[in-house]
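For reference, coords.cif is printed below; it contains mmCIF, C-alpha atoms.
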data_model
#
loop_
_atom_site.group_PDB
_atom_site.id
_atom_site.type_symbol
_atom_site.label_atom_id
_atom_site.label_comp_id
_atom_site.auth_asym_id
_atom_site.auth_seq_id
_atom_site.Cartn_x
_atom_site.Cartn_y
_atom_site.Cartn_z
ATOM 1 C CA MET R 1 130.154 104.330 76.249
ATOM 2 C CA ASP R 2 129.865 107.128 78.799
ATOM 3 C CA ALA R 3 130.811 105.925 82.276
ATOM 4 C CA GLU R 4 127.471 107.193 83.579
ATOM 5 C CA GLN R 5 125.479 105.344 80.897
ATOM 6 C CA GLY R 6 123.803 102.239 82.315
ATOM 7 C CA ALA R 7 123.215 99.007 80.499
ATOM 8 C CA GLY R 8 119.477 99.715 80.435
ATOM 9 C CA GLY R 9 119.982 102.902 78.448
ATOM 10 C CA GLY R 10 119.287 105.245 81.361
ATOM 11 C CA VAL R 11 121.732 107.538 83.060
ATOM 12 C CA ARG R 12 123.058 105.751 86.119
ATOM 13 C CA SER R 13 123.124 108.757 88.413
ATOM 14 C CA VAL R 14 119.506 109.594 87.569
ATOM 15 C CA ARG R 15 118.425 106.032 88.297
ATOM 16 C CA ARG R 16 120.292 106.134 91.599
ATOM 17 C CA ALA R 17 118.586 109.387 92.571
ATOM 18 C CA LEU R 18 115.200 107.915 91.687
ATOM 19 C CA ASP R 19 116.024 104.809 93.727
ATOM 20 C CA ILE R 20 116.568 107.072 96.727
ATOM 21 C CA LEU R 21 113.327 108.977 96.173
ATOM 22 C CA SER R 22 111.424 105.709 95.781
ATOM 23 C CA LEU R 23 112.343 104.776 99.350
ATOM 24 C CA LEU R 24 109.830 107.387 100.507
ATOM 25 C CA THR R 25 106.415 105.795 100.953
ATOM 26 C CA GLU R 26 103.217 106.431 102.862
ATOM 27 C CA ASP R 27 104.391 103.919 105.443
ATOM 28 C CA GLN R 28 107.886 105.406 105.571
ATOM 29 C CA PRO R 29 107.651 109.164 104.874
ATOM 30 C CA THR R 30 111.053 109.823 106.482
ATOM 31 C CA VAL R 31 114.181 107.827 105.652
ATOM 32 C CA PRO R 32 117.479 108.130 107.568
ATOM 33 C CA LEU R 33 120.686 108.423 105.571
ATOM 34 C CA LYS R 34 121.900 105.070 106.900
ATOM 35 C CA ASP R 35 118.761 103.360 105.561
ATOM 36 C CA MET R 36 119.382 104.927 102.161
ATOM 37 C CA VAL R 37 122.901 103.537 102.112
ATOM 38 C CA ASP R 38 121.707 100.089 103.222
ATOM 39 C CA ALA R 39 118.817 99.978 100.752
ATOM 40 C CA THR R 40 120.749 101.139 97.701
ATOM 41 C CA GLY R 41 124.038 99.379 98.429
ATOM 42 C CA LEU R 42 125.884 102.500 97.318
ATOM 43 C CA PRO R 43 128.896 103.995 99.087
ATOM 44 C CA LYS R 44 127.911 106.530 101.733
ATOM 45 C CA THR R 45 129.810 109.293 99.935
ATOM 46 C CA THR R 46 127.790 108.651 96.769
ATOM 47 C CA VAL R 47 124.499 108.707 98.650
ATOM 48 C CA VAL R 48 125.478 111.942 100.396
ATOM 49 C CA ARG R 49 126.244 113.625 97.055
ATOM 50 C CA LEU R 50 122.952 112.471 95.568
ATOM 51 C CA VAL R 51 120.992 113.573 98.619
ATOM 52 C CA GLN R 52 122.664 116.988 98.584
ATOM 53 C CA THR R 53 121.723 117.436 94.917
ATOM 54 C CA LEU R 54 118.131 116.380 95.576
ATOM 55 C CA GLU R 55 118.019 118.850 98.481
ATOM 56 C CA GLN R 56 119.246 121.657 96.244
ATOM 57 C CA TYR R 57 116.321 121.066 93.897
ATOM 58 C CA GLY R 58 113.853 120.845 96.761
ATOM 59 C CA LEU R 59 113.099 117.172 96.188
ATOM 60 C CA LEU R 60 114.285 116.117 99.648
ATOM 61 C CA TRP R 61 114.013 117.904 102.972
ATOM 62 C CA ALA R 62 116.284 117.234 105.959
ATOM 63 C CA THR R 63 114.619 116.558 109.317
ATOM 64 C CA PRO R 64 116.004 115.341 112.663
ATOM 65 C CA GLY R 65 114.760 111.829 111.818
ATOM 66 C CA GLY R 66 116.118 111.700 108.287
ATOM 67 C CA TYR R 67 114.984 112.922 104.873
ATOM 68 C CA THR R 68 111.422 113.453 103.740
ATOM 69 C CA ALA R 69 109.753 114.680 100.554
ATOM 70 C CA GLY R 70 110.691 118.248 99.728
ATOM 71 C CA PRO R 71 108.491 121.102 98.482
ATOM 72 C CA GLY R 72 109.791 120.662 94.938
ATOM 73 C CA LEU R 73 107.933 117.362 94.732
ATOM 74 C CA TRP R 74 104.709 119.119 95.681
ATOM 75 C CA ARG R 75 105.052 121.426 92.665
ATOM 76 C CA TRP R 76 105.531 118.436 90.374
ATOM 77 C CA ALA R 77 102.692 116.548 92.064
ATOM 78 C CA HIS R 78 100.381 119.523 91.564
ATOM 79 C CA LEU R 79 101.364 119.706 87.895
ATOM 80 C CA ALA R 80 100.726 115.982 87.454
ATOM 81 C CA HIS R 81 97.399 116.230 89.245
ATOM 82 C CA THR R 82 96.113 119.064 87.093
ATOM 83 C CA SER R 83 97.445 117.497 83.886
ATOM 84 C CA TRP R 84 96.036 114.018 84.576
ATOM 85 C CA GLU R 85 92.827 114.841 86.416
ATOM 86 C CA LEU R 86 89.689 113.620 84.704
ATOM 87 C CA PRO R 87 87.138 116.174 83.519
ATOM 88 C CA PRO R 88 84.324 116.776 86.062
ATOM 89 C CA ASP R 89 81.722 115.213 83.744
ATOM 90 C CA THR R 90 83.719 111.972 83.591
ATOM 91 C CA GLN R 91 84.182 111.914 87.359
ATOM 92 C CA LYS R 92 80.422 112.357 87.757
ATOM 93 C CA LEU R 93 79.745 109.419 85.429
ATOM 94 C CA LEU R 94 82.062 107.207 87.503
ATOM 95 C CA ARG R 95 80.310 108.194 90.724
ATOM 96 C CA GLU R 96 76.907 107.456 89.224
ATOM 97 C CA LEU R 97 78.118 104.077 87.971
ATOM 98 C CA VAL R 98 79.310 103.112 91.450
ATOM 99 C CA ASP R 99 76.067 104.357 93.002
ATOM 100 C CA ARG R 100 74.103 102.059 90.690
ATOM 101 C CA ARG R 101 76.274 98.977 91.013
ATOM 102 C CA GLY R 102 77.826 99.287 94.459
ATOM 103 C CA GLU R 103 81.245 98.113 93.263
ATOM 104 C CA THR R 104 84.544 99.895 92.635
ATOM 105 C CA ALA R 105 84.997 101.557 89.242
ATOM 106 C CA ASN R 106 88.457 101.886 87.708
ATOM 107 C CA LEU R 107 89.697 103.680 84.635
ATOM 108 C CA MET R 108 92.981 102.259 83.338
ATOM 109 C CA ILE R 109 95.349 102.906 80.474
ATOM 110 C CA ARG R 110 98.179 100.799 79.069
ATOM 111 C CA ARG R 111 101.785 101.721 79.700
ATOM 112 C CA ASP R 112 104.025 99.269 77.858
ATOM 113 C CA VAL R 113 103.509 95.877 79.564
ATOM 114 C CA HIS R 114 101.524 97.323 82.462
ATOM 115 C CA ARG R 115 98.125 98.852 83.047
ATOM 116 C CA VAL R 116 97.989 102.008 85.120
ATOM 117 C CA CYS R 117 95.034 103.084 87.222
ATOM 118 C CA VAL R 118 94.363 106.722 86.359
ATOM 119 C CA ALA R 119 91.023 107.172 88.121
ATOM 120 C CA GLN R 120 88.955 105.296 90.649
ATOM 121 C CA GLN R 121 85.659 105.608 92.447
ATOM 122 C CA GLU R 122 85.548 103.306 95.464
ATOM 123 C CA SER R 123 82.668 101.054 96.355
ATOM 124 C CA PRO R 124 80.701 102.144 99.442
ATOM 125 C CA GLN R 125 80.757 98.545 100.684
ATOM 126 C CA PRO R 126 82.978 97.692 103.694
ATOM 127 C CA LEU R 127 84.525 94.808 101.714
ATOM 128 C CA ARG R 128 85.707 96.255 98.413
ATOM 129 C CA HIS R 129 88.458 96.083 95.840
ATOM 130 C CA VAL R 130 90.746 99.105 95.860
ATOM 131 C CA VAL R 131 93.647 99.954 93.566
ATOM 132 C CA ARG R 132 95.380 103.243 94.180
ATOM 133 C CA VAL R 133 95.524 105.814 91.421
ATOM 134 C CA GLY R 134 98.981 105.554 89.864
ATOM 135 C CA ASP R 135 99.405 101.864 90.644
ATOM 136 C CA GLU R 136 100.886 99.765 87.841
ATOM 137 C CA LEU R 137 99.459 96.279 87.434
ATOM 138 C CA PRO R 138 100.526 93.503 85.054
ATOM 139 C CA LEU R 139 98.784 92.982 81.727
ATOM 140 C CA TRP R 140 98.951 89.189 81.739
ATOM 141 C CA ALA R 141 95.623 88.727 83.559
ATOM 142 C CA GLY R 142 92.459 90.566 84.516
ATOM 143 C CA ALA R 143 89.428 91.932 82.692
ATOM 144 C CA SER R 144 90.986 95.359 82.086
ATOM 145 C CA SER R 145 94.095 93.732 80.620
ATOM 146 C CA LYS R 146 92.044 91.751 78.122
ATOM 147 C CA VAL R 147 90.375 94.953 76.955
ATOM 148 C CA LEU R 148 93.605 96.955 76.778
ATOM 149 C CA LEU R 149 95.223 94.235 74.656
ATOM 150 C CA ILE R 150 92.591 94.492 71.924
ATOM 151 C CA GLY R 151 94.513 95.039 68.694
ATOM 152 C CA ALA R 152 97.887 94.415 70.359
ATOM 153 C CA THR R 153 100.813 93.442 68.164
ATOM 154 C CA ASP R 154 102.404 90.017 68.434
ATOM 155 C CA GLY R 155 105.521 91.668 69.829
ATOM 156 C CA LEU R 156 103.608 93.309 72.663
ATOM 157 C CA LEU R 157 101.766 90.105 73.490
ATOM 158 C CA GLN R 158 105.063 88.221 73.631
ATOM 159 C CA ARG R 159 106.561 90.789 75.996
ATOM 160 C CA VAL R 160 103.495 90.670 78.243
ATOM 161 C CA ALA R 161 103.531 86.860 78.242
ATOM 162 C CA SER R 162 107.215 86.785 79.160
ATOM 163 C CA GLN R 163 106.399 88.804 82.298
ATOM 164 C CA SER R 164 103.705 86.346 83.372
ATOM 165 C CA PRO R 165 104.104 83.331 85.672
ATOM 166 C CA HIS R 166 103.135 81.166 82.686
ATOM 167 C CA GLY R 167 106.005 82.231 80.425
ATOM 168 C CA VAL R 168 105.963 82.908 76.706
ATOM 169 C CA ALA R 169 103.446 80.119 76.066
ATOM 170 C CA HIS R 170 100.849 82.442 77.618
ATOM 171 C CA VAL R 171 100.840 84.517 74.432
ATOM 172 C CA GLU R 172 98.175 82.303 72.842
ATOM 173 C CA GLN R 173 95.843 82.782 75.803
ATOM 174 C CA LEU R 174 96.404 86.552 75.717
ATOM 175 C CA ARG R 175 95.501 86.691 72.026
ATOM 176 C CA LEU R 176 92.380 84.593 72.643
ATOM 177 C CA TRP R 177 91.265 86.828 75.516
ATOM 178 C CA ALA R 178 91.807 90.008 73.486
ATOM 179 C CA ASP R 179 89.940 88.619 70.484
ATOM 180 C CA GLU R 180 87.029 87.510 72.693
ATOM 181 C CA ALA R 181 86.881 90.923 74.378
ATOM 182 C CA ASN R 182 86.827 92.623 70.989
ATOM 183 C CA ALA R 183 84.099 90.318 69.661
ATOM 184 C CA GLN R 184 81.697 90.560 72.591
ATOM 185 C CA GLY R 185 82.557 94.126 73.578
ATOM 186 C CA TYR R 186 83.608 93.383 77.136
ATOM 187 C CA ALA R 187 85.761 91.065 79.240
ATOM 188 C CA VAL R 188 85.321 89.243 82.529
ATOM 189 C CA SER R 189 87.843 87.818 84.980
ATOM 190 C CA HIS R 190 87.307 85.580 87.995
ATOM 191 C CA GLY R 191 90.223 85.346 90.389
ATOM 192 C CA GLU R 192 92.868 85.354 87.649
ATOM 193 C CA ARG R 193 95.243 87.561 89.629
ATOM 194 C CA ASP R 194 93.486 88.038 92.980
ATOM 195 C CA ILE R 195 91.587 85.035 94.325
ATOM 196 C CA GLY R 196 87.977 85.849 95.111
ATOM 197 C CA LEU R 197 87.882 88.927 92.879
ATOM 198 C CA THR R 198 85.646 89.338 89.852
ATOM 199 C CA ALA R 199 85.924 92.190 87.364
ATOM 200 C CA VAL R 200 84.017 93.247 84.264
ATOM 201 C CA ALA R 201 85.701 95.675 81.855
ATOM 202 C CA VAL R 202 84.850 97.448 78.606
ATOM 203 C CA PRO R 203 86.988 99.485 76.217
ATOM 204 C CA ILE R 204 86.868 103.241 75.812
ATOM 205 C CA ARG R 205 87.630 104.038 72.201
ATOM 206 C CA THR R 206 88.401 107.066 70.100
ATOM 207 C CA GLN R 207 86.124 107.942 67.184
ATOM 208 C CA SER R 208 88.445 105.912 64.942
ATOM 209 C CA GLY R 209 87.937 102.849 67.132
ATOM 210 C CA VAL R 210 91.317 102.762 68.888
ATOM 211 C CA VAL R 211 91.164 101.525 72.483
ATOM 212 C CA VAL R 212 92.647 104.180 74.742
ATOM 213 C CA ALA R 213 91.409 103.008 78.137
ATOM 214 C CA SER R 214 89.431 100.395 80.000
ATOM 215 C CA LEU R 215 86.498 101.048 82.310
ATOM 216 C CA SER R 216 85.797 98.353 84.862
ATOM 217 C CA LEU R 217 83.772 97.370 87.878
ATOM 218 C CA SER R 218 85.365 94.991 90.368
ATOM 219 C CA GLY R 219 84.498 93.428 93.674
ATOM 220 C CA PRO R 220 84.170 90.156 95.604
ATOM 221 C CA SER R 221 83.080 87.293 93.354
ATOM 222 C CA ALA R 222 80.218 86.510 95.733
ATOM 223 C CA ARG R 223 78.640 89.858 94.842
ATOM 224 C CA ILE R 224 79.249 89.610 91.072
ATOM 225 C CA PRO R 225 78.045 86.156 90.012
ATOM 226 C CA GLU R 226 78.465 85.010 86.432
ATOM 227 C CA VAL R 227 74.778 85.609 85.703
ATOM 228 C CA ALA R 228 75.210 89.315 86.553
ATOM 229 C CA THR R 229 78.263 90.031 84.404
ATOM 230 C CA ALA R 230 76.331 90.734 81.197
ATOM 231 C CA ASP R 231 74.138 93.260 83.018
ATOM 232 C CA PHE R 232 77.237 94.908 84.500
ATOM 233 C CA ALA R 233 78.746 95.000 81.010
ATOM 234 C CA ARG R 234 75.710 96.785 79.546
ATOM 235 C CA ASP R 235 75.930 99.474 82.213
ATOM 236 C CA LEU R 236 79.679 99.816 81.655
ATOM 237 C CA LEU R 237 79.251 100.059 77.878
ATOM 238 C CA ASP R 238 76.678 102.822 78.256
ATOM 239 C CA THR R 239 78.938 104.752 80.641
ATOM 240 C CA ALA R 240 81.984 104.227 78.404
ATOM 241 C CA ALA R 241 80.063 105.543 75.397
ATOM 242 C CA ARG R 242 79.046 108.647 77.335
ATOM 243 C CA ILE R 243 82.638 109.221 78.430
ATOM 244 C CA ALA R 244 83.869 108.769 74.854
ATOM 245 C CA SER R 245 81.225 111.181 73.575
ATOM 246 C CA HIS R 246 83.118 113.965 75.331
ATOM 247 C CA GLY R 247 85.528 113.673 72.436
ATOM 248 C CA PHE R 248 88.844 112.868 74.082
ATOM 249 C CA GLN R 249 91.610 111.127 72.153
ATOM 250 C CA HIS R 250 93.199 110.084 75.440
ATOM 251 C CA PRO R 251 91.292 109.870 78.716
ATOM 252 C CA LEU R 252 93.659 112.296 80.350
ATOM 253 C CA GLY R 253 94.406 114.528 77.419
ATOM 254 C CA PRO R 254 94.108 118.312 77.408
ATOM 255 C CA ARG R 255 90.693 119.593 78.403
ATOM 256 C CA THR R 256 88.852 122.321 76.545
#

Would you encode the structure as structure tokens?
Amino acid sequence: MDAEQGAGGGVRSVRRALDILSLLTEDQPTVPLKDMVDATGLPKTTVVRLVQTLEQYGLLWATPGGYTAGPGLWRWAHLAHTSWELPPDTQKLLRELVDRRGETANLMIRRDVHRVCVAQQESPQPLRHVVRVGDELPLWAGASSKVLLIGATDGLLQRVASQSPHGVAHVEQLRLWADEANAQGYAVSHGERDIGLTAVAVPIRTQSGVVVASLSLSGPSARIPEVATADFARDLLDTAARIASHGFQHPLGPRT
């Protein structure tokens, strides 16, 4: 095996470079070299070489306080934004949904054993549920997860269950949730992952019936009582059908 080939199948030097870039956050936009060495546990000479390479490609930028995101990342971010941005009509439907219901709307897709938020319209309420676009959340709980697992293979369900706090035995519950969501057309969760949070989710399907995304409304359980979930679901189903009528095969696929 190549010396640079990691056990996980990735190239070790690439993973190390990504580990360095991942140290940059909204709370810590600038990271000193010493902090990079401490956080990664790599020799200083290795970190210096990686940082120099990232600088050459414009992915890092040296400042007196350390290293910050370089202009090369902005080019990639712009490409990602334009490639993954929802069509204006879909964004308008999300805004209208939130205006009617007063709760946060999320559009999520499945990525392996996670669900990824690809679009969100925040609730206007001071107390609201917010997930950032791009955030990865587990699939072992939550209304959106139940919807995204409709039609999942046994292998996928086992991998999701193994990531849960309940272990592999959770696979039976996951299958039950997915089957129930498929049968009734929507799913509900009450504090399964976040205490005090209720969510209602519906699938967005292609014309062939394949689930490609989930559309959900979420907020404090006190504002979404059980008796209201069916009404929320009807509104979500109508909005999901209108989004699907635009003819996408993937919610963030190429736009015409």

To verify the selection step, state as an MDAnalysis selection string which residues the PyMOL selection byres ((chain R and resi 197) around 12) yields on this input.
chainID R and resid 103:104 127:130 142:143 188:196 198:200 217:225

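In terms of minimum interatomic distance to His246 (chain R), R:Thr206 ranks closest within R:Ser144, R:Thr206, R:Thr45, R:Thr68, counting all atoms listed in the file.
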
Of the residues R:Leu79, R:Arg101, R:Leu137, R:Ile243, which is the one nearest to Thr229 (chain R), using all atoms listed in the file?
R:Arg101

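Once the PyMOL selection byres ((chain R and resi 95) around 12) is applied to the depicted file, the selected set reads Pro88, Asp89, Thr90, Gln91, Lys92, Leu93, Leu94, Glu96, Leu97, Val98, Asp99, Arg100, Arg101, Gly102, Glu103, Thr104, Ala105, Asn106, Ala119, Gln120, Gln121, Glu122, Ser123, Pro124, Leu217 and Thr239 of chain R.
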
Keeping only C-alpha atoms, write the selected residues to a file as a PDB file, in the frame of the given file.
ATOM      1  CA  PRO R  88      84.324 116.776  86.062  1.00  0.00           C
ATOM      2  CA  ASP R  89      81.722 115.213  83.744  1.00  0.00           C
ATOM      3  CA  THR R  90      83.719 111.972  83.591  1.00  0.00           C
ATOM      4  CA  GLN R  91      84.182 111.914  87.359  1.00  0.00           C
ATOM      5  CA  LYS R  92      80.422 112.357  87.757  1.00  0.00           C
ATOM      6  CA  LEU R  93      79.745 109.419  85.429  1.00  0.00           C
ATOM      7  CA  LEU R  94      82.062 107.207  87.503  1.00  0.00           C
ATOM      8  CA  GLU R  96      76.907 107.456  89.224  1.00  0.00           C
ATOM      9  CA  LEU R  97      78.118 104.077  87.971  1.00  0.00           C
ATOM     10  CA  VAL R  98      79.310 103.112  91.450  1.00  0.00           C
ATOM     11  CA  ASP R  99      76.067 104.357  93.002  1.00  0.00           C
ATOM     12  CA  ARG R 100      74.103 102.059  90.690  1.00  0.00           C
ATOM     13  CA  ARG R 101      76.274  98.977  91.013  1.00  0.00           C
ATOM     14  CA  GLY R 102      77.826  99.287  94.459  1.00  0.00           C
ATOM     15  CA  GLU R 103      81.245  98.113  93.263  1.00  0.00           C
ATOM     16  CA  THR R 104      84.544  99.895  92.635  1.00  0.00           C
ATOM     17  CA  ALA R 105      84.997 101.557  89.242  1.00  0.00           C
ATOM     18  CA  ASN R 106      88.457 101.886  87.708  1.00  0.00           C
ATOM     19  CA  ALA R 119      91.023 107.172  88.121  1.00  0.00           C
ATOM     20  CA  GLN R 120      88.955 105.296  90.649  1.00  0.00           C
ATOM     21  CA  GLN R 121      85.659 105.608  92.447  1.00  0.00           C
ATOM     22  CA  GLU R 122      85.548 103.306  95.464  1.00  0.00           C
ATOM     23  CA  SER R 123      82.668 101.054  96.355  1.00  0.00           C
ATOM     24  CA  PRO R 124      80.701 102.144  99.442  1.00  0.00           C
ATOM     25  CA  LEU R 217      83.772  97.370  87.878  1.00  0.00           C
ATOM     26  CA  THR R 239      78.938 104.752  80.641  1.00  0.00           C
TER      27      THR R 239
END

Excluding Leu157 (chain R) and any residue of its chain fewer than 6 positions from it, enumerate the residues within 8 Å of it, using all atoms listed in the file, and give them as JSON, numbers by chain.
{"R": [149, 171, 174, 175]}

Got a sec to resolve the PyMOL selection byres ((chain R and resi 54-60) around 6) on this structure and send the residues as a list in words?
Val51, Gln52, Thr53, Trp61, Thr68, Ala69, Gly70, Pro71, Gly72 and Leu73 of chain R

One number please: CA of Val118 (chain R) to CA of Ala213 (chain R), in Å, one decimal.
9.5 Å

Looking at R:Gln158, R:Leu176, R:Leu148, R:Ser245, which one is nearest to Gln207 (chain R), with distances taken over all atoms listed in the file?
R:Ser245

So which residues fall inside 12 Å of (95.8, 103.7, 68.9) if we count all atoms listed in the file? Mind giving them as an MDAnalysis selection string?
chainID R and resid 109:110 148:153 204:213 249:250

Ref. answer, residues at most 9 Å from (107.9, 98.0, 77.0) with all atoms listed in the file, as a compact mmCIF listing (two decimals) with C-alpha atoms, in the coordinates of the input:
# COMPACT_ATOMS: atom_id res chain seq x y z
CA ARG R 111 101.78 101.72 79.70
CA ASP R 112 104.02 99.27 77.86
CA VAL R 113 103.51 95.88 79.56
CA HIS R 114 101.52 97.32 82.46
CA LEU R 156 103.61 93.31 72.66
CA ARG R 159 106.56 90.79 76.00
CA VAL R 160 103.50 90.67 78.24

How many Å separate CA of Ala187 (chain R) from CA of Ala230 (chain R)?
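Distance between the two atoms: 9.6 Å.
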
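Using all atoms listed in the file for every distance, the candidate list R:Leu86, R:Val168, R:Leu236, R:Val116 yields R:Leu236 as the residue closest to Gly185 (chain R).
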
Pairwise distance for CA of Arg132 (chain R) and CA of Leu50 (chain R), rounded to one decimal in Å:
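So the two atoms, CA of Arg132 (chain R) and CA of Leu50 (chain R), lie 29.1 Å apart.
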
Pick from R:Asp35, R:Val147, R:Leu107, R:Ser162, whichever lies nearest to Asp179 (chain R) using all atoms listed in the file:
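Between R:Asp35, R:Val147, R:Leu107, R:Ser162, the residue approaching Asp179 (chain R) most closely is R:Val147.
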
Which one of R:Asp27, R:Glu172, R:Asp135, R:Asp19 sits closest to Asp154 (chain R) if you count only C-alpha atoms?
R:Glu172

For region 38-97 of chain R versus region 28-33 of chain R, which residues have an atom no more than 8 Å away, and what is each residue's nearest atom pair and distance in Å rounded to one decimal, using only C-alpha atoms, chain-then-number order, as JSON lines?
{"residue": "R:Val47", "atom": "CA", "partner": "R:Leu33", "partner_atom": "CA", "distance": 7.9}
{"residue": "R:Val48", "atom": "CA", "partner": "R:Leu33", "partner_atom": "CA", "distance": 7.9}
{"residue": "R:Gly65", "atom": "CA", "partner": "R:Pro32", "partner_atom": "CA", "distance": 6.3}
{"residue": "R:Gly66", "atom": "CA", "partner": "R:Pro32", "partner_atom": "CA", "distance": 3.9}
{"residue": "R:Tyr67", "atom": "CA", "partner": "R:Val31", "partner_atom": "CA", "distance": 5.2}
{"residue": "R:Thr68", "atom": "CA", "partner": "R:Thr30", "partner_atom": "CA", "distance": 4.6}
{"residue": "R:Ala69", "atom": "CA", "partner": "R:Pro29", "partner_atom": "CA", "distance": 7.3}
